[in-house]
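These notes concern the structure reproduced below.
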Amino acid sequence: MANNKKNPQWRKQAMLLVLASALIAGCSSTGGNNNNSASNGGTPSGTAAPTATDSTPSTDPITLTYWTGLNAGAARSLKEYGESLFYQELEKRTNVSVKFDHPAVGSEAEQFNLLIASSKLPDVIEYNFTTYPGGPEKAISDKVIIPLNDVIEQHAPNFKAYLDANPEMKKEISTDNGTIYAFPALGTGNSNVSGGLVLRKDWLDELGLGVPETIEEWTNVLTQFKEKKGAKTPLTMTLAEFKSERFNGAFGIGVGFYLDGGQVKYGPIEAGYKDYLAQLSAWYKDGLLDPDFATQDGAAKDAKATNGSAGAFPAFIGSAMGKYLNANKESNPAYDLVAAQHPVLNKGDEPRFFTAAYDYRGENSAGITPANKNVERTAQWLDYLYSEEGNMLKSFGVEGTTYTLEGDYPKYTDLIVNNPDGLSIGDAMAKYLRVSTPSPGFVGDDRYTEQYYSFDQQKHAVKLFNQYYDNLKETRLPRVTPTDSEGQELSSIMAEVNTYFEEMFMQFVMGAAPITEFDGYTAQLKKMGIERAVEIYQSAYERYIQR
């Protein structure tokens, strides 16, 4: 099934243009210091809404405190997001300035916990609240964030219009009892699958080989790379990449929890996983799989992908594929890459398991805290990002500076695609826009990816990798929410399970444990409570269906 998702601007919903204009006017209809809704926070549908008490129009400037991680690309040029063109222009349009608090790159989870423990909350926290212990409802009961149903209903017309037109997405961003808890990053366009398996096309061409589709074809290609191209590590990967959906899907199982006909299963205890491990072990024994996969980091893998040591590897389309092609453009002009469809077992099968972002990204969603004294203005400010104008600003910046219009197509200027300071396209986007990583509003605009992916090989990859995205509806567990008690039990079970699983995965692949011990391994996982973990996810999934 092909992916037919539409462009994210929702241009066919012309009313959003009207609502976008109404937003700016709306900023003048709300009292800047009215905190009636902040104390109530907005309530789930069906309960009484808070009543505004301050009707004095206000366009006075306000300042919001905002906690969020600083994108690594942006951190190479900015000390904080307030220096970016995007936020400076957003302030001009909304009269809302932002004082940012950024945790150190890589320490977001730890710093988030410290922030919550401090009880000194900012006005807005940008985080993945689906990962909060006990889920978003627990975050609300812990007074970390407020419910937003009524706030959105009254003060976020663009976001409300989108949810009204997309009820399935409303279910995605709500808890089991119907509470909306954050302004999310929403994926649109055809870029949910941003990476996959990539091979040296110049080697394939030289050897007269086609791009492999089946596991048998992969085995042949990797063998030819080793024997005829002298590749020391025909297939190179990191251990973390084995935790993503790469080759396992060919064997009909997920790498973790997944759906099979509406039933939750855990891939590593299913029969297909034994066949998957056997295949990896055979590749390892035959010298087709990088022997350093368990210990090497991304930098070591990058080196092998570009210096001729490896002929196949997982790669992101932008940050890896583009980087590798650029690195060899002058030193090795023959160097070429090609994307491979997600592997299957039999010719003609459609991939049903592969790594992809959810339409609701989860991460970098903006929650409003109880400390916020300007809830309505904050909601209006965030809502602007769901309008046509706001999305254009977020994704393309300021006309004449970061883009020009060719007809109705926003074309990035040289400030982005040929940056005078030598910034890569990705780093320039991170400096001037807020488009290269998830953040409140829409992400994945096709017009952005068409220009970010400048090589033809990348343009081919994005189409290929996303071709079967809709198949994930059959197999991928949606963003379910365990209850507080379920979450605590699940955390306890999986801490032990994950440690044991990772240890045994490496032993099976490297041959330290024979595949004949697979039944004993699954028995041990069951003793550790994996079946109970499946039950918890099944219950959470059934509640999700009833939302």
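In the structure tokens, the first chain shown is A, the next is B, and so on; residue numbers restart at 1 for each chain, and ligands run from 1 in the order shown.
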Which residues in region 301-530 of chain A does DSSP call strand (DSSP E or B)? List them as a PDB file with N, CA, C and O atoms, in the first residue's frame.
ATOM      1  N   ALA A 312      27.577  -1.913   2.807  1.00  0.00           N
ATOM      2  CA  ALA A 312      26.160  -1.771   3.155  1.00  0.00           C
ATOM      3  C   ALA A 312      26.053  -1.349   4.605  1.00  0.00           C
ATOM      4  O   ALA A 312      26.855  -1.772   5.449  1.00  0.00           O
ATOM      5  N   PHE A 313      25.018  -0.541   4.906  1.00  0.00           N
ATOM      6  CA  PHE A 313      24.871  -0.017   6.257  1.00  0.00           C
ATOM      7  C   PHE A 313      23.534   0.689   6.371  1.00  0.00           C
ATOM      8  O   PHE A 313      22.980   1.166   5.374  1.00  0.00           O
ATOM      9  N   PRO A 314      22.964   0.776   7.583  1.00  0.00           N
ATOM     10  CA  PRO A 314      21.806   1.646   7.783  1.00  0.00           C
ATOM     11  C   PRO A 314      22.263   3.096   7.730  1.00  0.00           C
ATOM     12  O   PRO A 314      23.369   3.420   8.173  1.00  0.00           O
ATOM     13  N   ALA A 315      21.424   3.968   7.191  1.00  0.00           N
ATOM     14  CA  ALA A 315      21.806   5.378   7.089  1.00  0.00           C
ATOM     15  C   ALA A 315      20.576   6.260   7.065  1.00  0.00           C
ATOM     16  O   ALA A 315      19.574   5.924   6.414  1.00  0.00           O
ATOM     17  N   PHE A 316      20.649   7.377   7.775  1.00  0.00           N
ATOM     18  CA  PHE A 316      19.640   8.419   7.613  1.00  0.00           C
ATOM     19  C   PHE A 316      19.868   9.101   6.275  1.00  0.00           C
ATOM     20  O   PHE A 316      21.008   9.269   5.830  1.00  0.00           O
ATOM     21  N   LEU A 337      25.877   5.749  -3.858  1.00  0.00           N
ATOM     22  CA  LEU A 337      25.025   5.028  -2.912  1.00  0.00           C
ATOM     23  C   LEU A 337      23.640   4.828  -3.499  1.00  0.00           C
ATOM     24  O   LEU A 337      23.173   5.624  -4.317  1.00  0.00           O
ATOM     25  N   VAL A 338      22.970   3.776  -3.030  1.00  0.00           N
ATOM     26  CA  VAL A 338      21.595   3.531  -3.439  1.00  0.00           C
ATOM     27  C   VAL A 338      20.835   2.956  -2.245  1.00  0.00           C
ATOM     28  O   VAL A 338      21.370   2.170  -1.460  1.00  0.00           O
ATOM     29  N   ALA A 339      19.601   3.397  -2.081  1.00  0.00           N
ATOM     30  CA  ALA A 339      18.751   2.880  -1.011  1.00  0.00           C
ATOM     31  C   ALA A 339      18.171   1.531  -1.415  1.00  0.00           C
ATOM     32  O   ALA A 339      17.881   1.287  -2.588  1.00  0.00           O
ATOM     33  N   ALA A 340      17.995   0.662  -0.446  1.00  0.00           N
ATOM     34  CA  ALA A 340      17.376  -0.647  -0.662  1.00  0.00           C
ATOM     35  C   ALA A 340      16.035  -0.686   0.055  1.00  0.00           C
ATOM     36  O   ALA A 340      15.907  -0.177   1.180  1.00  0.00           O
ATOM     37  N   VAL A 344      12.680  -8.315   2.758  1.00  0.00           N
ATOM     38  CA  VAL A 344      11.611  -9.315   2.905  1.00  0.00           C
ATOM     39  C   VAL A 344      12.218 -10.692   2.728  1.00  0.00           C
ATOM     40  O   VAL A 344      13.378 -10.833   2.318  1.00  0.00           O
ATOM     41  N   TYR A 360       2.212  11.449  15.068  1.00  0.00           N
ATOM     42  CA  TYR A 360       2.383  12.260  16.277  1.00  0.00           C
ATOM     43  C   TYR A 360       3.760  11.927  16.817  1.00  0.00           C
ATOM     44  O   TYR A 360       3.990  10.839  17.319  1.00  0.00           O
ATOM     45  N   SER A 365       7.024  17.957  22.309  1.00  0.00           N
ATOM     46  CA  SER A 365       5.686  18.529  22.429  1.00  0.00           C
ATOM     47  C   SER A 365       5.700  19.558  23.551  1.00  0.00           C
ATOM     48  O   SER A 365       6.403  19.386  24.547  1.00  0.00           O
ATOM     49  N   ALA A 366       4.930  20.606  23.399  1.00  0.00           N
ATOM     50  CA  ALA A 366       4.959  21.711  24.360  1.00  0.00           C
ATOM     51  C   ALA A 366       3.816  21.586  25.362  1.00  0.00           C
ATOM     52  O   ALA A 366       2.647  21.679  24.988  1.00  0.00           O
ATOM     53  N   GLY A 367       4.167  21.380  26.611  1.00  0.00           N
ATOM     54  CA  GLY A 367       3.184  21.354  27.680  1.00  0.00           C
ATOM     55  C   GLY A 367       3.212  22.665  28.445  1.00  0.00           C
ATOM     56  O   GLY A 367       4.282  23.239  28.690  1.00  0.00           O
ATOM     57  N   ILE A 368       2.040  23.157  28.822  1.00  0.00           N
ATOM     58  CA  ILE A 368       1.932  24.378  29.627  1.00  0.00           C
ATOM     59  C   ILE A 368       1.874  23.985  31.090  1.00  0.00           C
ATOM     60  O   ILE A 368       1.111  23.090  31.467  1.00  0.00           O
ATOM     61  N   GLU A 399      10.523  35.448   4.141  1.00  0.00           N
ATOM     62  CA  GLU A 399      10.633  35.610   2.688  1.00  0.00           C
ATOM     63  C   GLU A 399      11.647  36.703   2.368  1.00  0.00           C
ATOM     64  O   GLU A 399      11.676  37.766   2.974  1.00  0.00           O
ATOM     65  N   TYR A 403      14.076  32.314   2.187  1.00  0.00           N
ATOM     66  CA  TYR A 403      13.404  31.702   1.038  1.00  0.00           C
ATOM     67  C   TYR A 403      12.821  32.782   0.142  1.00  0.00           C
ATOM     68  O   TYR A 403      12.602  33.930   0.559  1.00  0.00           O
ATOM     69  N   THR A 404      12.592  32.401  -1.094  1.00  0.00           N
ATOM     70  CA  THR A 404      11.843  33.228  -2.036  1.00  0.00           C
ATOM     71  C   THR A 404      10.737  32.364  -2.617  1.00  0.00           C
ATOM     72  O   THR A 404      10.821  31.128  -2.601  1.00  0.00           O
ATOM     73  N   LEU A 405       9.696  32.991  -3.105  1.00  0.00           N
ATOM     74  CA  LEU A 405       8.593  32.249  -3.698  1.00  0.00           C
ATOM     75  C   LEU A 405       8.790  32.158  -5.211  1.00  0.00           C
ATOM     76  O   LEU A 405       9.002  33.168  -5.887  1.00  0.00           O
ATOM     77  N   GLU A 406       8.729  30.930  -5.715  1.00  0.00           N
ATOM     78  CA  GLU A 406       8.707  30.678  -7.145  1.00  0.00           C
ATOM     79  C   GLU A 406       7.314  30.153  -7.458  1.00  0.00           C
ATOM     80  O   GLU A 406       7.027  28.974  -7.269  1.00  0.00           O
ATOM     81  N   TYR A 409       5.749  28.125  -4.583  1.00  0.00           N
ATOM     82  CA  TYR A 409       6.719  27.181  -4.009  1.00  0.00           C
ATOM     83  C   TYR A 409       7.818  27.948  -3.276  1.00  0.00           C
ATOM     84  O   TYR A 409       8.523  28.768  -3.872  1.00  0.00           O
ATOM     85  N   PRO A 410       7.990  27.707  -1.963  1.00  0.00           N
ATOM     86  CA  PRO A 410       9.045  28.394  -1.209  1.00  0.00           C
ATOM     87  C   PRO A 410      10.411  27.759  -1.480  1.00  0.00           C
ATOM     88  O   PRO A 410      10.647  26.609  -1.139  1.00  0.00           O
ATOM     89  N   LYS A 411      11.284  28.517  -2.088  1.00  0.00           N
ATOM     90  CA  LYS A 411      12.613  28.033  -2.454  1.00  0.00           C
ATOM     91  C   LYS A 411      13.642  28.619  -1.501  1.00  0.00           C
ATOM     92  O   LYS A 411      13.757  29.849  -1.348  1.00  0.00           O
ATOM     93  N   TYR A 412      14.395  27.753  -0.818  1.00  0.00           N
ATOM     94  CA  TYR A 412      15.410  28.236   0.107  1.00  0.00           C
ATOM     95  C   TYR A 412      16.463  29.065  -0.628  1.00  0.00           C
ATOM     96  O   TYR A 412      16.863  28.744  -1.755  1.00  0.00           O
ATOM     97  N   GLY A 441       3.926  22.125  16.160  1.00  0.00           N
ATOM     98  CA  GLY A 441       3.523  22.506  14.816  1.00  0.00           C
ATOM     99  C   GLY A 441       3.676  21.323  13.878  1.00  0.00           C
ATOM    100  O   GLY A 441       3.762  20.169  14.307  1.00  0.00           O
ATOM    101  N   PHE A 442       3.729  21.593  12.584  1.00  0.00           N
ATOM    102  CA  PHE A 442       3.857  20.546  11.583  1.00  0.00           C
ATOM    103  C   PHE A 442       5.323  20.303  11.250  1.00  0.00           C
ATOM    104  O   PHE A 442       6.142  21.216  11.251  1.00  0.00           O
ATOM    105  N   VAL A 443       5.665  19.053  10.971  1.00  0.00           N
ATOM    106  CA  VAL A 443       7.017  18.692  10.541  1.00  0.00           C
ATOM    107  C   VAL A 443       6.897  17.781   9.327  1.00  0.00           C
ATOM    108  O   VAL A 443       5.894  17.096   9.141  1.00  0.00           O
TER     109      VAL A 443
END
Let's see if you can do this: from backbone DSSP, list all alpha helix (DSSP H) residues in region 207-438 of chain A, as JSON, numbers by chain. {"A": [207, 215, 216, 217, 218, 219, 220, 221, 222, 223, 224, 225, 226, 227, 228, 229, 239, 240, 241, 242, 271, 272, 273, 274, 275, 276, 277, 278, 279, 280, 281, 282, 283, 284, 285, 298, 299, 300, 301, 302, 303, 304, 305, 306, 307, 323, 324, 325, 326, 327, 328, 375, 376, 377, 378, 379, 380, 381, 382, 383, 388, 389, 390, 391, 392, 393, 394, 395, 396, 414, 415, 416, 417, 425, 426, 427, 428, 429, 430, 431, 432]}
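You will find CA of Tyr453 (chain A) at 6.2 Å from CA of Gly318 (chain A).
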Correct to one decimal, the distance CA of Leu433 (chain A)-CA of Leu385 (chain A) is 12.4 Å
Under the rule that only C-alpha atoms are counted, which of A:Thr449, A:Asn220, A:Thr295, A:Ser191 is the nearest residue to Thr238 (chain A)?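 Smallest distance to Thr238 (chain A) is found for A:Thr295.
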Choose the residue, out of A:Leu393, A:Ala156, A:Ala109, A:Val144, that has the smallest atom-to-atom separation from Asn128 (chain A); count only C-alpha atoms.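 Of A:Leu393, A:Ala156, A:Ala109, A:Val144, the one nearest Asn128 (chain A) is A:Ala109, counting only C-alpha atoms.
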Separation of CA of Glu89 (chain A) and CA of Leu70 (chain A), in Å?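 Atom-to-atom, CA of Glu89 (chain A) and CA of Leu70 (chain A) are spaced 18.4 Å apart.
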Contact residues around region 207-215 of chain A with only C-alpha atoms at 7 Å, ignoring same-chain residues under 5 positions, as a VMD selection string: chain A and resid 340 to 341 343 to 347
Prev. selection, all heavy atoms, output as a CSV table (one decimal), in the first residue's frame:
chain,number,residue,atom,x,y,z
A,340,ALA,N,18.0,0.7,-0.4
A,340,ALA,CA,17.4,-0.6,-0.7
A,340,ALA,C,16.0,-0.7,0.1
A,340,ALA,O,15.9,-0.2,1.2
A,340,ALA,CB,18.3,-1.8,-0.1
A,341,GLN,N,15.1,-1.3,-0.6
A,341,GLN,CA,13.8,-1.4,0.1
A,341,GLN,C,13.9,-2.3,1.3
A,341,GLN,O,14.8,-3.1,1.5
A,341,GLN,CB,12.8,-2.1,-0.9
A,341,GLN,CG,11.3,-2.2,-0.4
A,341,GLN,CD,10.8,-0.8,-0.1
A,341,GLN,OE1,10.9,-0.4,1.1
A,341,GLN,NE2,10.2,-0.1,-1.0
A,343,PRO,N,14.0,-5.1,3.8
A,343,PRO,CA,14.1,-6.5,3.4
A,343,PRO,C,12.9,-7.3,3.6
A,343,PRO,O,12.2,-7.1,4.6
A,343,PRO,CB,15.3,-7.0,4.2
A,343,PRO,CG,16.1,-5.8,4.5
A,343,PRO,CD,15.0,-4.7,4.7
A,344,VAL,N,12.7,-8.3,2.8
A,344,VAL,CA,11.6,-9.3,2.9
A,344,VAL,C,12.2,-10.7,2.7
A,344,VAL,O,13.4,-10.8,2.3
A,344,VAL,CB,10.5,-9.1,1.9
A,344,VAL,CG1,9.8,-7.8,2.1
A,344,VAL,CG2,11.0,-9.1,0.5
A,345,LEU,N,11.4,-11.7,3.0
A,345,LEU,CA,11.9,-13.1,2.9
A,345,LEU,C,11.7,-13.6,1.5
A,345,LEU,O,12.6,-14.3,0.9
A,345,LEU,CB,11.3,-14.0,3.9
A,345,LEU,CG,12.0,-15.3,4.3
A,345,LEU,CD1,13.4,-15.0,4.8
A,345,LEU,CD2,11.2,-16.1,5.3
A,346,ASN,N,10.5,-13.3,0.9
A,346,ASN,CA,10.2,-13.9,-0.4
A,346,ASN,C,10.0,-12.7,-1.4
A,346,ASN,O,9.4,-11.7,-1.0
A,346,ASN,CB,8.9,-14.7,-0.3
A,346,ASN,CG,9.0,-15.8,0.7
A,346,ASN,OD1,10.0,-16.7,0.6
A,346,ASN,ND2,8.2,-15.9,1.7
A,347,LYS,N,10.4,-12.9,-2.6
A,347,LYS,CA,10.2,-12.0,-3.6
A,347,LYS,C,8.7,-11.6,-3.8
A,347,LYS,O,7.9,-12.5,-3.8
A,347,LYS,CB,10.7,-12.5,-5.0
A,347,LYS,CG,11.1,-11.5,-6.0
A,347,LYS,CD,12.5,-10.9,-5.6
A,347,LYS,CE,13.0,-10.0,-6.8
A,347,LYS,NZ,14.3,-9.4,-6.4
Need to verify the contact set: Glu496 (chain A), 12 Å, only C-alpha atoms, exclusion of same-chain residues closer than 2 positions in sequence. Can you return it as a PyMOL selection string? chain A and resi 489-494+498-503+524-530+533
Could you write those residues out with C-alpha atoms, as a tab-separated table (two decimals), in the first residue's frame?
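Full text of out-v9.tsv as output:
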chain	number	residue	atom	x	y	z
A	489	GLU	CA	5.33	-2.72	36.97
A	490	LEU	CA	6.35	-2.52	33.33
A	491	SER	CA	9.47	-0.53	34.17
A	492	SER	CA	10.52	-3.12	36.73
A	493	ILE	CA	9.98	-6.03	34.34
A	494	MET	CA	11.66	-4.48	31.32
A	498	ASN	CA	16.29	-5.70	28.43
A	499	THR	CA	19.58	-6.45	30.18
A	500	TYR	CA	19.22	-10.19	29.67
A	501	PHE	CA	17.94	-9.87	26.11
A	502	GLU	CA	20.83	-7.64	25.01
A	503	GLU	CA	23.38	-10.00	26.53
A	524	GLN	CA	14.07	-17.31	31.08
A	525	LEU	CA	12.40	-14.19	29.62
A	526	LYS	CA	9.03	-15.60	30.64
A	527	LYS	CA	10.30	-16.16	34.18
A	528	MET	CA	11.32	-12.51	34.21
A	529	GLY	CA	7.72	-11.52	33.45
A	530	ILE	CA	7.74	-10.75	29.74
A	533	ALA	CA	4.52	-7.05	30.10
Go through A:Asp336, A:Glu241, A:Glu330, A:Asp292 and flag the residue nearest Glu206 (chain A), using only C-alpha atoms for the distances. A:Asp336
Can you tell me, as a list of chain:residue names, what residues are no more than 12 Å from Ile545 (chain A) when counting only C-alpha atoms, ignoring any on the same chain fewer than 6 positions away?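 In the requested form, the answer reads A:Glu168, A:Lys171, A:Glu172, A:Ser174, A:Thr175, A:Asp176, A:Asn177, A:Gly178, A:Gly262, A:Leu477, A:Pro478, A:Arg479, A:Val480, A:Thr481, A:Gln538, A:Ser539.
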Pick out the residues sitting within 10 Å of region 250-253 of chain A, and hand them over as number ranges by chain; count only C-alpha atoms, and ignore anything fewer than 3 positions along from it in its own chain. A: 213-215, 245-247, 256-260, 265-277, 279, 342-346, 349-354, 475
Of the residues A:Phe455, A:Ile416, A:Asp421, A:Asn466, which is the one nearest to Lys329 (chain A), using only C-alpha atoms? A:Phe455
